[in-house]
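Structure first, commentary second.
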Amino acid sequence: MFEKMDYDDLDRFFEMIVNGHELSDKEIKSLLSMDQPEDIEKLYYLSRNIRNHFFSNKVFLYSFVYYSTYCKNRCSFCYYNSINDINRYRLSIEDIINISRQLKDEGVHMVDLTMGEDPYFHSDPSKLVDLVKLVKNEIQLPIMISPGVIDKNTLNALRINGANFYALYQETYDSGLYKDLRVGQSYQDRIDTRNYARKIGYCIEDGILTGIEDNLDSTIISLKGLKKSDPDMVRAMTFVPQPGTPFENQIQNSSQMELKIIAILRLMFPDRLIPASLDLEGIEGMISRLNAGANVVTSIIPSDSTLEGVVNYDRDFEIRKRDAVSVIKKIREMGMVPAEQSDFNKILGL
């Protein structure tokens, strides 16, 4: 079907996808293998049309409040792994609330409370529950939590006290690569934890790293794993080597594969949320990801913020321009608009 794209066939492809066609392994591999700019642009065109069919020109916005950079894990790809000798911080509850309030005032639809698997919170989950409850009471917006793998009782308590979305990325569904990336962590526990969270009413975000796989077959395994995971929000992010990590000397690939995967994810998940992260290439990177079929802008932080992110391409920039006001201005220039809060709440079933 997708071995060679022709504009004359795009309407047929569009109808097939919106009517439930599921890509075969052969089709996925063909799309991943595209290397001609004109063919890739046709893929993006198709992806945008599918997105617009389900979401019109609306874009959803959510923030990124990385409130603790402490972590007990040894993930080989992550700057914040427990053995990396870096400066770390843990924000006070007052600071977290103030940042969250500022983000709400600037127009985000959801606040993402993110941390490493910080022993301070993991050893006493009631602290995490209290934090979510306080932020929820203050801002009255949907709350995403990204605390890593947590137990069922804590997931239940967080849900009761205001958490709506649970982000837990597998990073890869290639079990061999998983062992290299998430050192010493259970592959199945992450899957089981996400599944339980969905069962008790959370919306789920899952995602994969790209640019770190050995071959396309590994990427296809991950895309099929995401399909089985069936998340409400599904993302791909380019691997960026981080200082002080085991993979710091690995050659960084361009973001083109991530962009193709975003477009393929739109074909696989036509009516789902797909993020364009500001954390890798800022506003300009957001534009290319939205043009590839994304419909959510993530990693928004206040304009004056020194908050850490996952990749932090702009850590040393004097002006970071990852604030909601700058994002909204740019998406309007693209002919898109920020969704209404009610649009986002409807997706969450609120």
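Ligands are numbered from 1 in the order shown, residues from 1 within each chain, and chains are lettered A, B, ... in the order they appear in the structure tokens.
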Report as CSV the residues of segment 251-306 of chain A within 9 Å of segment 208-226 of chain A, each with its shortest atom pair and distance in Å (one decimal), using only C-alpha atoms, ordered by chain and increasing residue number.
```
residue,atom,partner,partner_atom,distance
A:Gln252,CA,A:Gly211,CA,7.3
A:Asn253,CA,A:Gly211,CA,5.8
A:Ser254,CA,A:Gly211,CA,8.0
A:Ser255,CA,A:Gly211,CA,8.1
A:Met257,CA,A:Thr210,CA,7.1
A:Glu258,CA,A:Thr210,CA,6.2
A:Ile261,CA,A:Thr210,CA,8.5
A:Leu265,CA,A:Leu223,CA,8.0
A:Met268,CA,A:Leu223,CA,8.9
```
*Just asking: which residues within segment 71-269 of chain A are strand (DSSP E) according to DSSP, as a ChimeraX atom specification?*
/A:111-115,143-146,163-167,203-210,233-238
From the DSSP assignment of the backbone, select every residue of segment 156-350 of chain A that is helix (DSSP H, G or I), and format the answer as a short mmCIF file (atom, residue, chain, number, x, y, z; two decimals) with N, CA, C and O atoms, in the first residue's frame.
```cif
data_model
loop_
_atom_site.label_atom_id
_atom_site.label_comp_id
_atom_site.auth_asym_id
_atom_site.auth_seq_id
_atom_site.Cartn_x
_atom_site.Cartn_y
_atom_site.Cartn_z
N ASN A 156 -3.88 4.68 43.20
CA ASN A 156 -5.27 4.92 43.60
C ASN A 156 -5.40 6.23 44.37
O ASN A 156 -6.30 7.04 44.09
N ALA A 157 -4.49 6.46 45.32
CA ALA A 157 -4.56 7.68 46.14
C ALA A 157 -4.35 8.92 45.29
O ALA A 157 -5.04 9.94 45.48
N LEU A 158 -3.43 8.86 44.35
CA LEU A 158 -3.18 10.01 43.47
C LEU A 158 -4.39 10.29 42.58
O LEU A 158 -4.75 11.45 42.35
N ARG A 159 -5.01 9.23 42.11
CA ARG A 159 -6.21 9.40 41.26
C ARG A 159 -7.33 10.06 42.05
O ARG A 159 -7.99 11.00 41.56
N ILE A 160 -7.55 9.60 43.25
CA ILE A 160 -8.61 10.16 44.10
C ILE A 160 -8.36 11.63 44.41
O ILE A 160 -9.28 12.43 44.52
N SER A 175 13.02 -5.91 23.92
CA SER A 175 13.41 -6.28 25.28
C SER A 175 14.92 -6.26 25.48
O SER A 175 15.41 -5.95 26.57
N GLY A 176 15.68 -6.60 24.42
CA GLY A 176 17.13 -6.55 24.55
C GLY A 176 17.64 -5.14 24.73
O GLY A 176 18.49 -4.86 25.59
N LEU A 177 17.12 -4.21 23.92
CA LEU A 177 17.51 -2.81 24.03
C LEU A 177 17.03 -2.23 25.36
O LEU A 177 17.73 -1.41 25.98
N TYR A 178 15.85 -2.66 25.81
CA TYR A 178 15.32 -2.18 27.08
C TYR A 178 16.31 -2.44 28.21
O TYR A 178 16.54 -1.57 29.07
N LYS A 179 16.90 -3.62 28.23
CA LYS A 179 17.87 -3.96 29.29
C LYS A 179 19.06 -3.02 29.27
O LYS A 179 19.61 -2.70 30.33
N ASP A 180 19.45 -2.57 28.08
CA ASP A 180 20.57 -1.64 27.98
C ASP A 180 20.19 -0.23 28.40
O ASP A 180 21.03 0.52 28.90
N LEU A 181 18.93 0.14 28.19
CA LEU A 181 18.48 1.49 28.49
C LEU A 181 18.05 1.64 29.95
O LEU A 181 18.51 2.54 30.65
N TYR A 187 10.96 -4.91 32.74
CA TYR A 187 10.24 -4.58 31.51
C TYR A 187 8.74 -4.71 31.74
O TYR A 187 7.95 -3.83 31.37
N GLN A 188 8.31 -5.81 32.36
CA GLN A 188 6.89 -6.09 32.52
C GLN A 188 6.24 -5.20 33.57
O GLN A 188 5.05 -4.85 33.44
N ASP A 189 6.99 -4.79 34.61
CA ASP A 189 6.40 -3.95 35.65
C ASP A 189 5.89 -2.63 35.08
O ASP A 189 4.85 -2.12 35.50
N ARG A 190 6.61 -2.06 34.13
CA ARG A 190 6.15 -0.80 33.55
C ARG A 190 4.85 -1.00 32.79
O ARG A 190 3.92 -0.18 32.88
N ILE A 191 4.76 -2.09 32.07
CA ILE A 191 3.53 -2.40 31.33
C ILE A 191 2.38 -2.63 32.29
O ILE A 191 1.28 -2.08 32.12
N ASP A 192 2.62 -3.43 33.32
CA ASP A 192 1.56 -3.75 34.28
C ASP A 192 1.09 -2.50 35.02
O ASP A 192 -0.11 -2.34 35.30
N THR A 193 2.03 -1.61 35.35
CA THR A 193 1.67 -0.39 36.07
C THR A 193 0.80 0.53 35.22
O THR A 193 -0.21 1.07 35.68
N ARG A 194 1.17 0.67 33.94
CA ARG A 194 0.33 1.47 33.03
C ARG A 194 -1.05 0.86 32.88
O ARG A 194 -2.07 1.56 32.90
N ASN A 195 -1.10 -0.45 32.72
CA ASN A 195 -2.39 -1.11 32.54
C ASN A 195 -3.28 -0.93 33.76
O ASN A 195 -4.50 -0.71 33.63
N TYR A 196 -2.70 -1.01 34.95
CA TYR A 196 -3.50 -0.82 36.16
C TYR A 196 -4.00 0.62 36.25
O TYR A 196 -5.17 0.87 36.61
N ALA A 197 -3.13 1.57 35.92
CA ALA A 197 -3.54 2.97 35.97
C ALA A 197 -4.73 3.22 35.04
O ALA A 197 -5.69 3.92 35.40
N ARG A 198 -4.68 2.66 33.84
CA ARG A 198 -5.81 2.81 32.92
C ARG A 198 -7.07 2.19 33.53
O ARG A 198 -8.17 2.77 33.42
N LYS A 199 -6.92 1.04 34.15
CA LYS A 199 -8.06 0.32 34.73
C LYS A 199 -8.79 1.16 35.77
O LYS A 199 -10.03 1.07 35.89
N LEU A 216 15.75 -1.06 11.78
CA LEU A 216 14.32 -0.76 11.64
C LEU A 216 13.45 -1.80 12.31
O LEU A 216 12.35 -1.49 12.76
N ASP A 217 13.92 -3.05 12.35
CA ASP A 217 13.13 -4.10 12.99
C ASP A 217 12.89 -3.77 14.46
O ASP A 217 11.80 -4.02 14.99
N SER A 218 13.90 -3.20 15.12
CA SER A 218 13.74 -2.79 16.52
C SER A 218 12.69 -1.69 16.64
O SER A 218 11.86 -1.70 17.56
N THR A 219 12.72 -0.75 15.71
CA THR A 219 11.72 0.33 15.72
C THR A 219 10.32 -0.22 15.50
O THR A 219 9.37 0.20 16.16
N ILE A 220 10.19 -1.17 14.59
CA ILE A 220 8.88 -1.78 14.33
C ILE A 220 8.37 -2.51 15.57
O ILE A 220 7.18 -2.42 15.90
N ILE A 221 9.25 -3.20 16.27
CA ILE A 221 8.86 -3.86 17.52
C ILE A 221 8.28 -2.83 18.49
O ILE A 221 7.24 -3.06 19.14
N SER A 222 8.93 -1.68 18.59
CA SER A 222 8.45 -0.64 19.51
C SER A 222 7.12 -0.05 19.06
O SER A 222 6.23 0.19 19.88
N LEU A 223 6.96 0.17 17.76
CA LEU A 223 5.68 0.71 17.27
C LEU A 223 4.55 -0.28 17.51
O LEU A 223 3.43 0.11 17.89
N LYS A 224 4.82 -1.56 17.32
CA LYS A 224 3.80 -2.57 17.60
C LYS A 224 3.51 -2.64 19.09
O LYS A 224 2.36 -2.87 19.52
N GLY A 225 4.55 -2.45 19.91
CA GLY A 225 4.34 -2.42 21.35
C GLY A 225 3.46 -1.26 21.77
O GLY A 225 2.59 -1.40 22.64
N LEU A 226 3.68 -0.11 21.16
CA LEU A 226 2.82 1.04 21.44
C LEU A 226 1.38 0.76 21.05
O LEU A 226 0.44 1.17 21.74
N LYS A 227 1.21 0.08 19.92
CA LYS A 227 -0.15 -0.25 19.47
C LYS A 227 -0.86 -1.12 20.50
O LYS A 227 -2.03 -0.90 20.83
N LYS A 228 -0.13 -2.09 21.03
CA LYS A 228 -0.71 -2.96 22.05
C LYS A 228 -0.96 -2.19 23.35
O LYS A 228 -1.95 -2.42 24.04
N SER A 229 -0.07 -1.26 23.67
CA SER A 229 -0.23 -0.43 24.87
C SER A 229 -1.49 0.42 24.78
O SER A 229 -2.16 0.68 25.79
N GLN A 256 14.96 13.58 11.84
CA GLN A 256 14.09 13.17 10.74
C GLN A 256 13.34 11.88 11.04
O GLN A 256 12.16 11.76 10.71
N MET A 257 14.01 10.92 11.66
CA MET A 257 13.32 9.67 11.98
C MET A 257 12.19 9.92 12.98
O MET A 257 11.11 9.35 12.86
N GLU A 258 12.43 10.78 13.96
CA GLU A 258 11.35 11.12 14.89
C GLU A 258 10.17 11.72 14.15
O GLU A 258 9.01 11.37 14.43
N LEU A 259 10.43 12.60 13.20
CA LEU A 259 9.34 13.23 12.45
C LEU A 259 8.56 12.19 11.65
O LEU A 259 7.32 12.24 11.60
N LYS A 260 9.28 11.27 11.02
CA LYS A 260 8.57 10.21 10.28
C LYS A 260 7.75 9.35 11.23
O LYS A 260 6.61 8.96 10.90
N ILE A 261 8.30 9.06 12.40
CA ILE A 261 7.56 8.23 13.36
C ILE A 261 6.33 8.97 13.87
O ILE A 261 5.26 8.37 14.05
N ILE A 262 6.43 10.28 14.10
CA ILE A 262 5.25 11.06 14.49
C ILE A 262 4.16 10.91 13.43
O ILE A 262 2.98 10.69 13.75
N ALA A 263 4.54 11.02 12.16
CA ALA A 263 3.57 10.88 11.08
C ALA A 263 2.98 9.47 11.04
O ALA A 263 1.77 9.29 10.85
N ILE A 264 3.83 8.48 11.25
CA ILE A 264 3.35 7.08 11.26
C ILE A 264 2.43 6.85 12.46
O ILE A 264 1.40 6.17 12.34
N LEU A 265 2.79 7.42 13.59
CA LEU A 265 1.92 7.30 14.77
C LEU A 265 0.54 7.90 14.48
O LEU A 265 -0.48 7.39 14.94
N ARG A 266 0.51 8.99 13.71
CA ARG A 266 -0.80 9.57 13.37
C ARG A 266 -1.61 8.62 12.52
O ARG A 266 -2.84 8.54 12.66
N LEU A 267 -0.96 7.86 11.66
CA LEU A 267 -1.66 6.85 10.86
C LEU A 267 -2.11 5.68 11.74
O LEU A 267 -3.16 5.08 11.50
N MET A 268 -1.31 5.35 12.75
CA MET A 268 -1.63 4.23 13.64
C MET A 268 -2.64 4.62 14.72
O MET A 268 -3.45 3.79 15.16
N GLY A 282 13.21 23.39 20.61
CA GLY A 282 12.47 24.61 20.86
C GLY A 282 11.31 24.86 19.91
O GLY A 282 10.71 23.93 19.37
N ILE A 283 11.01 26.14 19.71
CA ILE A 283 9.87 26.54 18.89
C ILE A 283 10.01 26.03 17.45
O ILE A 283 9.05 25.55 16.85
N GLU A 284 11.20 26.15 16.88
CA GLU A 284 11.39 25.69 15.50
C GLU A 284 11.15 24.19 15.39
O GLU A 284 10.56 23.71 14.41
N GLY A 285 11.61 23.44 16.37
CA GLY A 285 11.35 22.00 16.38
C GLY A 285 9.88 21.69 16.57
O GLY A 285 9.36 20.72 16.01
N MET A 286 9.18 22.51 17.34
CA MET A 286 7.74 22.36 17.50
C MET A 286 7.03 22.48 16.16
O MET A 286 6.11 21.70 15.84
N ILE A 287 7.45 23.45 15.35
CA ILE A 287 6.82 23.65 14.05
C ILE A 287 6.93 22.41 13.18
O ILE A 287 5.95 21.94 12.60
N SER A 288 8.13 21.84 13.10
CA SER A 288 8.32 20.66 12.25
C SER A 288 7.53 19.47 12.78
O SER A 288 7.00 18.67 11.99
N ARG A 289 7.39 19.36 14.08
CA ARG A 289 6.65 18.23 14.65
C ARG A 289 5.14 18.40 14.45
O ARG A 289 4.44 17.42 14.18
N LEU A 290 4.64 19.61 14.58
CA LEU A 290 3.24 19.85 14.26
C LEU A 290 2.98 19.60 12.78
O LEU A 290 1.94 19.04 12.41
N ASN A 291 3.90 19.98 11.94
CA ASN A 291 3.74 19.74 10.50
C ASN A 291 3.82 18.27 10.14
O ASN A 291 3.37 17.87 9.06
N ALA A 324 4.24 29.57 27.24
CA ALA A 324 2.97 29.37 26.54
C ALA A 324 2.64 30.55 25.62
O ALA A 324 2.08 30.36 24.54
N VAL A 325 2.99 31.76 26.03
CA VAL A 325 2.68 32.94 25.21
C VAL A 325 3.41 32.85 23.86
O VAL A 325 2.82 33.09 22.80
N SER A 326 4.70 32.47 23.90
CA SER A 326 5.47 32.34 22.66
C SER A 326 4.93 31.21 21.79
O SER A 326 4.86 31.33 20.56
N VAL A 327 4.55 30.11 22.44
CA VAL A 327 4.00 28.96 21.71
C VAL A 327 2.70 29.33 21.02
O VAL A 327 2.49 29.05 19.83
N ILE A 328 1.80 29.98 21.75
CA ILE A 328 0.49 30.35 21.20
C ILE A 328 0.66 31.31 20.02
O ILE A 328 -0.01 31.19 18.99
N LYS A 329 1.57 32.26 20.16
CA LYS A 329 1.83 33.20 19.06
C LYS A 329 2.26 32.45 17.80
O LYS A 329 1.77 32.72 16.69
N LYS A 330 3.16 31.49 17.97
CA LYS A 330 3.69 30.77 16.82
C LYS A 330 2.64 29.86 16.19
O LYS A 330 2.54 29.79 14.96
N ILE A 331 1.85 29.16 16.99
CA ILE A 331 0.87 28.26 16.38
C ILE A 331 -0.21 29.05 15.64
O ILE A 331 -0.74 28.59 14.63
N ARG A 332 -0.52 30.25 16.12
CA ARG A 332 -1.48 31.09 15.39
C ARG A 332 -0.89 31.51 14.05
O ARG A 332 -1.61 31.58 13.03
N GLU A 333 0.40 31.80 14.02
CA GLU A 333 1.06 32.13 12.76
C GLU A 333 1.01 30.96 11.78
O GLU A 333 1.03 31.16 10.57
N GLN A 341 -10.25 24.87 26.82
CA GLN A 341 -10.08 23.94 27.94
C GLN A 341 -11.13 22.85 27.91
O GLN A 341 -10.87 21.68 28.21
N SER A 342 -12.34 23.22 27.49
CA SER A 342 -13.42 22.23 27.43
C SER A 342 -13.12 21.13 26.41
O SER A 342 -13.54 19.98 26.60
N ASP A 343 -12.39 21.45 25.34
CA ASP A 343 -12.00 20.44 24.36
C ASP A 343 -11.09 19.41 25.00
O ASP A 343 -11.24 18.21 24.77
N PHE A 344 -10.15 19.90 25.78
CA PHE A 344 -9.22 18.98 26.44
C PHE A 344 -9.92 18.17 27.53
O PHE A 344 -9.73 16.96 27.65
N ASN A 345 -10.76 18.83 28.30
CA ASN A 345 -11.48 18.13 29.35
C ASN A 345 -12.36 17.02 28.79
O ASN A 345 -12.51 15.96 29.41
N LYS A 346 -12.90 17.26 27.61
CA LYS A 346 -13.75 16.24 26.98
C LYS A 346 -12.94 14.99 26.66
O LYS A 346 -13.42 13.85 26.85
N ILE A 347 -11.71 15.16 26.18
CA ILE A 347 -10.85 14.01 25.91
C ILE A 347 -10.59 13.22 27.18
O ILE A 347 -10.54 11.98 27.17
N LEU A 348 -10.44 13.92 28.30
CA LEU A 348 -10.17 13.27 29.58
C LEU A 348 -11.44 12.70 30.22
O LEU A 348 -11.37 12.06 31.27
#
```
*So how many Å separate atom CA of Ile274 of chain A and atom CA of Asn295 of chain A, to one decimal?*
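Those two atoms sit 5.7 Å apart.
Distances here use only C-alpha atoms; by that measure, the residue among A:Lys58, A:Lys133, A:His53, A:Lys321 closest to Asp271 of chain A is A:His53.
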*Check the smallest atom-to-atom distance from each of A:Asn52, A:Ser303, A:Ser100, A:Gln140 to Arg272 of chain A using only C-alpha atoms, then report the winner.*
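Ranking A:Asn52, A:Ser303, A:Ser100, A:Gln140 by distance to Arg272 of chain A, first place goes to A:Asn52.
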*asked:* If we count only C-alpha atoms and set the cut-off at 8 Å, which residues sit around Glu205 of chain A, ignoring sequence neighbours fewer than 5 positions away in its own chain? Please answer as a list in words.
replied: Phe165, Tyr166, Ala167, Leu168, Tyr169, Pro231, Asp232, Met233, Val234 and Arg235 of chain A
_d(atom CA of Thr298 of chain A, atom CA of Asn84 of chain A) in Å_ =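 Atom CA of Asn84 of chain A lies 25.7 Å from atom CA of Thr298 of chain A.
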*Could you check which of A:Asn49, A:Cys71, A:Lys29, A:Val135 is closest to Phe14 of chain A, using only C-alpha atoms?*
A:Asn49
*Quick one: residues within 12 Å of Glu94 of chain A, only C-alpha atoms counted, chain neighbours fewer than 4 positions away excluded, as a PyMOL selection string?*
chain A and resi 67+90+98-101+131+134-135+138
I'd like a table as CSV: residues in segment 286-342 of chain A with an atom no more than 12 Å from segment 112-116 of chain A, each row giving the shortest atom pair and its distance in Å to one decimal, only C-alpha atoms counted, sorted by chain and rising residue number.
```
residue,atom,partner,partner_atom,distance
A:Thr298,CA,A:Asp112,CA,9.1
A:Ser299,CA,A:Asp112,CA,8.6
A:Ile300,CA,A:Asp112,CA,9.6
A:Ile301,CA,A:Asp112,CA,10.4
A:Leu307,CA,A:Thr114,CA,11.0
A:Glu308,CA,A:Met115,CA,10.2
A:Gly309,CA,A:Thr114,CA,9.3
A:Val310,CA,A:Thr114,CA,10.0
```
Those residues with C-alpha atoms, as a CSV table (one decimal), in the first residue's frame please?
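Output saved as part-v6.csv:
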```csv
chain,number,residue,atom,x,y,z
A,298,THR,CA,4.7,19.8,25.6
A,299,SER,CA,7.6,20.9,27.8
A,300,ILE,CA,6.2,24.4,28.1
A,301,ILE,CA,7.8,26.2,31.0
A,307,LEU,CA,13.5,24.4,35.4
A,308,GLU,CA,15.3,21.3,34.0
A,309,GLY,CA,13.8,19.2,31.2
A,310,VAL,CA,14.6,15.8,29.7
```
*Using atom CA of Pro125 of chain A and atom CA of Leu103 of chain A as the two end points, give the distance in Å to one decimal.*
25.1 Å
